[in-house]
>>> print(open('input.txt').read())   # compact mmCIF, C-alpha atoms
# COMPACT_ATOMS: atom_id res chain seq x y z
CA MET A 1 75.99 96.53 76.96
CA VAL A 2 78.85 97.99 79.03
CA ALA A 3 81.48 99.83 76.99
CA PRO A 4 84.94 98.23 77.33
CA PRO A 5 87.43 100.28 79.38
CA SER A 6 90.79 101.46 78.10
CA LEU A 7 92.61 101.31 81.45
CA LEU A 8 92.47 98.33 83.83
CA VAL A 9 93.70 99.03 87.37
CA PHE A 10 94.13 96.05 89.67
CA ASP A 11 94.59 95.76 93.38
CA TRP A 12 97.31 93.23 94.23
CA ASP A 13 96.70 91.17 97.38
CA GLY A 14 93.51 89.11 97.18
CA THR A 15 92.92 90.23 93.58
CA LEU A 16 95.89 89.01 91.56
CA MET A 17 97.82 87.29 94.35
CA ASP A 18 96.22 84.66 96.61
CA SER A 19 97.72 86.20 99.74
CA THR A 20 94.72 86.98 101.96
CA ALA A 21 95.18 84.06 104.35
CA HIS A 22 98.92 84.69 104.73
CA ILE A 23 98.43 88.40 105.43
CA THR A 24 95.72 87.62 107.99
CA ARG A 25 97.94 85.12 109.80
CA SER A 26 100.86 87.55 109.73
CA ILE A 27 98.77 90.25 111.43
CA GLN A 28 97.58 87.79 114.07
CA ARG A 29 101.08 86.45 114.71
CA ALA A 30 102.52 89.95 114.97
CA CYS A 31 99.97 90.76 117.67
CA ALA A 32 100.84 87.55 119.51
CA ASP A 33 104.58 88.30 119.26
CA LEU A 34 104.02 91.68 120.94
CA GLY A 35 101.68 90.32 123.61
CA LEU A 36 98.69 92.17 122.17
CA PRO A 37 95.14 90.85 121.86
CA VAL A 38 94.99 88.74 118.71
CA PRO A 39 92.24 90.01 116.38
CA GLU A 40 89.76 87.50 115.05
CA ARG A 41 90.18 86.47 111.42
CA GLU A 42 87.39 88.73 110.14
CA ARG A 43 88.89 91.86 111.72
CA ALA A 44 92.42 90.98 110.62
CA SER A 45 91.38 90.30 107.03
CA HIS A 46 89.14 93.38 106.81
CA VAL A 47 92.16 95.71 106.94
CA ILE A 48 93.82 94.15 103.89
CA GLY A 49 94.20 96.76 101.18
CA LEU A 50 94.91 99.64 103.54
CA GLY A 51 98.36 101.05 104.13
CA LEU A 52 100.10 99.24 107.00
CA ARG A 53 99.76 101.97 109.63
CA ASP A 54 96.09 102.50 108.77
CA ALA A 55 95.59 98.73 108.86
CA MET A 56 97.08 98.45 112.34
CA ARG A 57 94.80 101.21 113.64
CA VAL A 58 91.83 99.00 112.74
CA ALA A 59 93.29 95.60 113.61
CA CYS A 60 94.72 96.81 116.94
CA PRO A 61 92.45 99.65 118.10
CA GLY A 62 93.95 99.75 121.60
CA LEU A 63 97.52 100.19 120.39
CA ALA A 64 99.21 103.48 121.25
CA GLU A 65 100.23 105.61 118.28
CA SER A 66 103.85 105.40 119.41
CA ASP A 67 103.72 101.59 119.14
CA TYR A 68 102.49 101.39 115.54
CA GLY A 69 106.03 101.27 114.19
CA GLY A 70 106.84 98.17 116.26
CA MET A 71 103.64 96.49 115.15
CA VAL A 72 104.38 97.20 111.49
CA GLU A 73 107.87 95.71 111.85
CA ALA A 74 106.47 92.60 113.58
CA TYR A 75 103.98 92.17 110.75
CA LYS A 76 106.70 92.51 108.13
CA ARG A 77 108.83 89.84 109.83
CA ASN A 78 105.95 87.40 109.87
CA TYR A 79 104.90 88.18 106.30
CA LEU A 80 108.41 87.85 104.88
CA ALA A 81 108.89 84.52 106.64
CA GLY A 82 106.25 82.95 104.38
CA GLU A 83 106.19 85.29 101.40
CA GLU A 84 107.62 82.69 99.02
CA THR A 85 104.61 80.41 99.55
CA VAL A 86 102.13 82.95 98.12
CA GLU A 87 101.08 82.44 94.49
CA LEU A 88 99.01 84.15 91.82
CA PHE A 89 95.38 83.14 91.44
CA PRO A 90 94.86 80.61 88.63
CA GLY A 91 94.73 82.17 85.18
CA VAL A 92 95.96 85.62 86.22
CA ARG A 93 99.24 85.53 84.30
CA GLU A 94 97.62 84.34 81.07
CA ALA A 95 94.76 86.83 81.36
CA LEU A 96 97.06 89.81 81.91
CA GLN A 97 99.15 88.80 78.92
CA ALA A 98 95.99 88.63 76.82
CA TYR A 99 94.78 92.02 78.07
CA ARG A 100 98.08 93.60 77.12
CA GLN A 101 97.98 92.04 73.66
CA ALA A 102 94.42 93.32 73.27
CA GLY A 103 95.64 96.88 73.82
CA TYR A 104 94.51 97.63 77.39
CA PHE A 105 96.62 99.88 79.59
CA LEU A 106 97.42 97.89 82.75
CA ALA A 107 98.17 99.31 86.20
CA VAL A 108 98.32 98.34 89.87
CA ALA A 109 96.97 100.37 92.80
CA THR A 110 97.83 98.68 96.08
CA GLY A 111 98.04 99.16 99.81
CA LYS A 112 101.43 97.43 99.73
CA GLY A 113 104.53 99.52 100.12
CA ARG A 114 106.83 100.05 97.15
CA PRO A 115 109.48 97.51 98.29
CA GLY A 116 106.83 94.82 98.84
CA LEU A 117 105.16 95.39 95.48
CA ASP A 118 108.47 95.41 93.63
CA ARG A 119 109.44 92.09 95.26
CA ALA A 120 106.06 90.60 94.35
CA LEU A 121 106.28 91.81 90.74
CA GLU A 122 109.77 90.37 90.41
CA ALA A 123 108.91 87.03 92.02
CA SER A 124 105.73 86.60 89.99
CA GLY A 125 107.32 87.62 86.70
CA LEU A 126 104.57 90.19 86.06
CA ALA A 127 106.65 93.37 86.25
CA GLY A 128 106.87 93.78 82.49
CA LEU A 129 103.11 93.55 82.01
CA PHE A 130 102.17 96.73 83.87
CA ASP A 131 102.48 100.21 82.42
CA ALA A 132 102.33 101.95 85.82
CA THR A 133 101.94 101.12 89.51
CA ARG A 134 101.01 103.10 92.62
CA THR A 135 101.58 102.19 96.27
CA VAL A 136 101.10 103.83 99.66
CA ASN A 137 104.67 105.12 99.41
CA GLU A 138 103.61 107.46 96.60
CA CYS A 139 99.94 108.07 97.42
CA ALA A 140 97.44 108.26 100.24
CA SER A 141 95.99 104.98 101.49
CA LYS A 142 92.70 103.68 100.11
CA PRO A 143 89.88 104.71 100.01
CA ASP A 144 91.45 108.08 99.20
CA PRO A 145 91.21 108.47 95.40
CA GLU A 146 94.80 109.69 94.91
CA MET A 147 96.10 106.46 93.34
CA LEU A 148 93.37 106.45 90.70
CA ASP A 149 93.61 110.21 90.24
CA GLN A 150 97.29 109.85 89.40
CA LEU A 151 96.84 106.83 87.14
CA THR A 152 94.02 108.30 85.05
CA ASP A 153 96.02 111.51 84.68
CA TYR A 154 99.18 109.56 83.78
CA PHE A 155 97.46 107.67 80.97
CA GLY A 156 95.25 110.56 79.90
CA VAL A 157 92.22 108.27 80.11
CA GLU A 158 88.72 109.45 80.99
CA ARG A 159 87.57 108.16 84.37
CA GLY A 160 84.57 106.50 82.78
CA ALA A 161 86.92 104.62 80.45
CA SER A 162 88.89 103.21 83.39
CA LEU A 163 88.08 100.24 85.61
CA MET A 164 89.26 99.43 89.15
CA VAL A 165 89.28 95.74 90.06
CA GLY A 166 89.68 94.70 93.69
CA ASP A 167 88.62 92.34 96.44
CA THR A 168 87.85 94.84 99.20
CA THR A 169 85.47 97.67 99.94
CA HIS A 170 88.57 99.85 100.27
CA ASP A 171 89.23 99.29 96.56
CA LEU A 172 85.64 99.95 95.53
CA LEU A 173 85.28 103.04 97.72
CA MET A 174 88.50 104.42 96.24
CA ALA A 175 86.98 103.87 92.80
CA LYS A 176 83.76 105.59 93.82
CA ASN A 177 85.69 108.52 95.31
CA ALA A 178 87.66 108.83 92.06
CA ARG A 179 84.49 108.52 89.94
CA VAL A 180 85.91 105.41 88.29
CA PRO A 181 83.77 102.28 87.70
CA GLY A 182 84.74 99.36 89.93
CA CYS A 183 84.39 95.59 89.90
CA GLY A 184 84.63 93.45 93.02
CA LEU A 185 86.09 89.96 93.35
CA ALA A 186 84.60 87.91 96.19
CA GLN A 187 87.66 85.68 96.44
CA GLY A 188 89.76 87.69 98.85
CA ALA A 189 89.45 89.70 102.05
CA HIS A 190 85.85 90.99 101.94
CA PRO A 191 82.73 88.87 101.34
CA ARG A 192 80.33 89.43 98.46
CA GLN A 193 77.68 91.10 100.64
CA GLN A 194 80.10 93.83 101.73
CA LEU A 195 81.32 94.38 98.18
CA GLU A 196 77.80 94.62 96.79
CA ALA A 197 76.88 97.18 99.46
CA VAL A 198 79.25 99.66 97.78
CA ALA A 199 77.23 99.30 94.54
CA PRO A 200 80.06 98.60 92.09
CA LEU A 201 79.58 97.92 88.40
CA ALA A 202 79.64 94.16 89.13
CA VAL A 203 80.85 91.59 91.67
CA PHE A 204 82.33 88.28 90.52
CA ASP A 205 83.05 85.12 92.49
CA ASP A 206 86.67 85.10 91.39
CA PHE A 207 89.18 86.40 88.87
CA ALA A 208 88.10 83.82 86.32
CA GLY A 209 84.55 85.19 86.42
CA PHE A 210 85.84 88.72 85.85
CA ASP A 211 87.99 87.52 82.95
CA THR A 212 85.03 85.81 81.28
CA TRP A 213 82.98 89.00 81.58
CA LEU A 214 85.74 91.33 80.35
CA THR A 215 86.63 89.22 77.34
CA SER A 216 82.95 89.10 76.34
CA LEU A 217 82.86 92.88 75.87
CA PRO A 218 83.22 94.01 72.25
CA ARG A 219 86.30 96.10 71.49
>>> encode(input="input.txt", output="C-alpha cells")
Amino acid sequence: MVAPPSLLVFDWDGTLMDSTAHITRSIQRACADLGLPVPERERASHVIGLGLRDAMRVACPGLAESDYGGMVEAYKRNYLAGEETVELFPGVREALQAYRQAGYFLAVATGKGRPGLDRALEASGLAGLFDATRTVNECASKPDPEMLDQLTDYFGVERGASLMVGDTTHDLLMAKNARVPGCGLAQGAHPRQQLEAVAPLAVFDDFAGFDTWLTSLPR
C-alpha cells in the first residue's frame, strides 16, 4: 500500500484546467499570424507545460532567437482571445475542496507565467484553495526541479511525502529530478505511453481516476 502524501502539487493546464486544445490552437494560430510554418498538433501540444520561450524553441525550431519575443506576444493574443471558454475538468473543484478539508497541503507548479496563473485562479474561484504556487516567473522552467525544490522547502515536507500530479512528461521529469513521486494524467497534452516511459508512481486516464486512487489511501 502506498503511503498517503502530505503535499499535493498540481500542474495547471491539462491537469486541473481543460485547456490543452486551446493552447495548441493558440500556438498554431500565432505561427500563422507571423507567416511561420504551422506546427502539427502533436508538436504544438508537446510543448505545453514549458515556459513560453522554451515552448517556442520546440514548436518553432527555425525561429531566430531575436524573434521569440514576437512569437510569445502573438501566442498571448490568441490565447487571451479565447481564455474565457476554458473550464476546469469535471470534479476538480469538489476534489480540491475535499483534499483541503482532509488536511493536505495544496500547491501549483506551472509553466504559465504569474499573470496568467493569477487570472486563471481568479476566474476559476480556486485561489483560496492553494497554500502556495510557483510559475516560470519565479522559477526555472520544467523539467528543472526548482519549483518542487522551493515548494517542499516552503512546506517543510519530505520529498517522499510529496506528490506531483501532471499531464506531461515535463511534469514527471521535474518530479524525478526533484526526487518527488509523480502521477501522470493521460487526459491532457502527452499520451499515456509517453507518460509511462518516465516511470512515475502511476498513470491515470483522467483526474477522476486519480481522485479515486488518492481517496482510497488510508490517512
>>> residues_around(input="input.txt", residues="Ala81 in chain A", least_positions_apart="6", cutoff="12 Å", atoms="all atoms listed in the file", output="PyMOL selection string")
chain A and resi 22-23+25-26+29-30+74-75
>>> write_last_selection(input="input.txt", atoms="C-alpha atoms", output="PDB file, in the coordinates of the input")
ATOM      1  CA  HIS A  22      98.920  84.690 104.730  1.00  0.00           C
ATOM      2  CA  ILE A  23      98.430  88.400 105.430  1.00  0.00           C
ATOM      3  CA  ARG A  25      97.940  85.120 109.800  1.00  0.00           C
ATOM      4  CA  SER A  26     100.860  87.550 109.730  1.00  0.00           C
ATOM      5  CA  ARG A  29     101.080  86.450 114.710  1.00  0.00           C
ATOM      6  CA  ALA A  30     102.520  89.950 114.970  1.00  0.00           C
ATOM      7  CA  ALA A  74     106.470  92.600 113.580  1.00  0.00           C
ATOM      8  CA  TYR A  75     103.980  92.170 110.750  1.00  0.00           C
TER       9      TYR A  75
END
>>> residues_around(input="input.txt", residues="range 127-130 of chain A", least_positions_apart="4", cutoff="12 Å", atoms="all atoms listed in the file", output="count of residues only")
31
>>> closest_residue(input="input.txt", among="A:Gly82, A:Gly160, A:Gly125, A:Gly14", to="Ser45 in chain A", atoms="only C-alpha atoms")
A:Gly14
>>> atom_distance(input="input.txt", atom1="CA of Ala21 in chain A", atom2="CA of Gly188 in chain A")
8.5 Å
>>> atom_distance(input="input.txt", atom1="CA of Asp149 in chain A", atom2="CA of Ala178 in chain A")
6.4 Å
>>> closest_residue(input="input.txt", among="A:Val86, A:Val38, A:Leu214, A:Leu126", to="Leu63 in chain A", atoms="only C-alpha atoms")
A:Val38
>>> closest_residue(input="input.txt", among="A:Leu52, A:Ala132, A:Ala3, A:Ala102", to="Pro218 in chain A", atoms="all atoms listed in the file")
A:Ala3
>>> atom_distance(input="input.txt", atom1="CA of Thr169 in chain A", atom2="CA of Ser19 in chain A")
16.8 Å
>>> residues_around(input="input.txt", residues="range 194-204 of chain A", least_positions_apart="4", cutoff="8 Å", atoms="only C-alpha atoms", output="list in words")
Asp167, Thr168, Thr169, Leu172, Leu173, Pro181, Gly182, Cys183, Gly184, Leu185, Ala186, His190, Gly209 and Phe210 of chain A
>>> write_last_selection(input="input.txt", atoms="C-alpha atoms", output="PDB file, in the frame of the given file")
ATOM      1  CA  ASP A 167      88.620  92.340  96.440  1.00  0.00           C
ATOM      2  CA  THR A 168      87.850  94.840  99.200  1.00  0.00           C
ATOM      3  CA  THR A 169      85.470  97.670  99.940  1.00  0.00           C
ATOM      4  CA  LEU A 172      85.640  99.950  95.530  1.00  0.00           C
ATOM      5  CA  LEU A 173      85.280 103.040  97.720  1.00  0.00           C
ATOM      6  CA  PRO A 181      83.770 102.280  87.700  1.00  0.00           C
ATOM      7  CA  GLY A 182      84.740  99.360  89.930  1.00  0.00           C
ATOM      8  CA  CYS A 183      84.390  95.590  89.900  1.00  0.00           C
ATOM      9  CA  GLY A 184      84.630  93.450  93.020  1.00  0.00           C
ATOM     10  CA  LEU A 185      86.090  89.960  93.350  1.00  0.00           C
ATOM     11  CA  ALA A 186      84.600  87.910  96.190  1.00  0.00           C
ATOM     12  CA  HIS A 190      85.850  90.990 101.940  1.00  0.00           C
ATOM     13  CA  GLY A 209      84.550  85.190  86.420  1.00  0.00           C
ATOM     14  CA  PHE A 210      85.840  88.720  85.850  1.00  0.00           C
TER      15      PHE A 210
END
>>> residues_around(input="input.txt", residues="Asp144 in chain A", least_positions_apart="5", cutoff="10 Å", atoms="all atoms listed in the file", output="PyMOL selection string")
chain A and resi 139+149+170-171+173-178
>>> closest_residue(input="input.txt", among="A:Ala189, A:Met17, A:Leu50, A:Val180", to="Asn137 in chain A", atoms="all atoms listed in the file")
A:Leu50
>>> build_atoms(input="input.txt", residues="range 63-91 of chain A", atoms="N, CA and C atoms", output="compact mmCIF listing (two decimals), in the coordinates of the input")
# COMPACT_ATOMS: atom_id res chain seq x y z
N LEU A 63 96.08 99.96 120.47
CA LEU A 63 97.52 100.19 120.39
C LEU A 63 97.82 101.69 120.39
N ALA A 64 98.80 102.08 121.19
CA ALA A 64 99.21 103.48 121.25
C ALA A 64 99.86 103.88 119.93
N GLU A 65 99.66 105.12 119.54
CA GLU A 65 100.23 105.61 118.28
C GLU A 65 101.74 105.39 118.23
N SER A 66 102.39 105.55 119.36
CA SER A 66 103.85 105.40 119.41
C SER A 66 104.30 103.96 119.18
N ASP A 67 103.37 103.01 119.30
CA ASP A 67 103.72 101.59 119.14
C ASP A 67 103.41 101.04 117.75
N TYR A 68 102.84 101.88 116.87
CA TYR A 68 102.49 101.39 115.54
C TYR A 68 103.71 100.92 114.76
N GLY A 69 104.82 101.65 114.91
CA GLY A 69 106.03 101.27 114.19
C GLY A 69 106.48 99.87 114.54
N GLY A 70 106.45 99.51 115.83
CA GLY A 70 106.84 98.17 116.26
C GLY A 70 105.90 97.11 115.72
N MET A 71 104.61 97.44 115.67
CA MET A 71 103.64 96.49 115.15
C MET A 71 103.85 96.26 113.66
N VAL A 72 104.13 97.32 112.92
CA VAL A 72 104.38 97.20 111.49
C VAL A 72 105.61 96.32 111.24
N GLU A 73 106.66 96.52 112.03
CA GLU A 73 107.87 95.71 111.85
C GLU A 73 107.60 94.24 112.19
N ALA A 74 106.81 93.98 113.23
CA ALA A 74 106.47 92.60 113.58
C ALA A 74 105.66 91.94 112.47
N TYR A 75 104.75 92.71 111.88
CA TYR A 75 103.98 92.17 110.75
C TYR A 75 104.90 91.83 109.59
N LYS A 76 105.81 92.74 109.26
CA LYS A 76 106.70 92.51 108.13
C LYS A 76 107.54 91.25 108.33
N ARG A 77 108.03 91.04 109.56
CA ARG A 77 108.83 89.84 109.83
C ARG A 77 108.03 88.58 109.57
N ASN A 78 106.79 88.58 110.05
CA ASN A 78 105.95 87.40 109.87
C ASN A 78 105.56 87.21 108.40
N TYR A 79 105.28 88.29 107.71
CA TYR A 79 104.90 88.18 106.30
C TYR A 79 106.07 87.67 105.46
N LEU A 80 107.25 88.25 105.67
CA LEU A 80 108.41 87.85 104.88
C LEU A 80 108.81 86.41 105.12
N ALA A 81 108.53 85.90 106.32
CA ALA A 81 108.89 84.52 106.64
C ALA A 81 108.17 83.51 105.76
N GLY A 82 107.00 83.87 105.23
CA GLY A 82 106.25 82.95 104.38
C GLY A 82 105.91 83.50 103.02
N GLU A 83 106.54 84.61 102.65
CA GLU A 83 106.19 85.29 101.40
C GLU A 83 106.35 84.39 100.18
N GLU A 84 107.35 83.51 100.20
CA GLU A 84 107.62 82.69 99.02
C GLU A 84 106.55 81.64 98.76
N THR A 85 105.66 81.41 99.73
CA THR A 85 104.61 80.41 99.55
C THR A 85 103.38 80.98 98.85
N VAL A 86 103.31 82.30 98.69
CA VAL A 86 102.13 82.95 98.12
C VAL A 86 102.20 82.91 96.59
N GLU A 87 101.09 82.58 95.95
CA GLU A 87 101.08 82.44 94.49
C GLU A 87 99.96 83.28 93.87
N LEU A 88 100.06 83.48 92.57
CA LEU A 88 99.01 84.15 91.82
C LEU A 88 97.76 83.28 91.78
N PHE A 89 96.59 83.90 91.67
CA PHE A 89 95.38 83.14 91.44
C PHE A 89 95.47 82.45 90.07
N PRO A 90 94.81 81.31 89.92
CA PRO A 90 94.86 80.61 88.63
C PRO A 90 94.38 81.49 87.48
N GLY A 91 95.12 81.45 86.39
CA GLY A 91 94.73 82.17 85.18
C GLY A 91 95.11 83.62 85.11
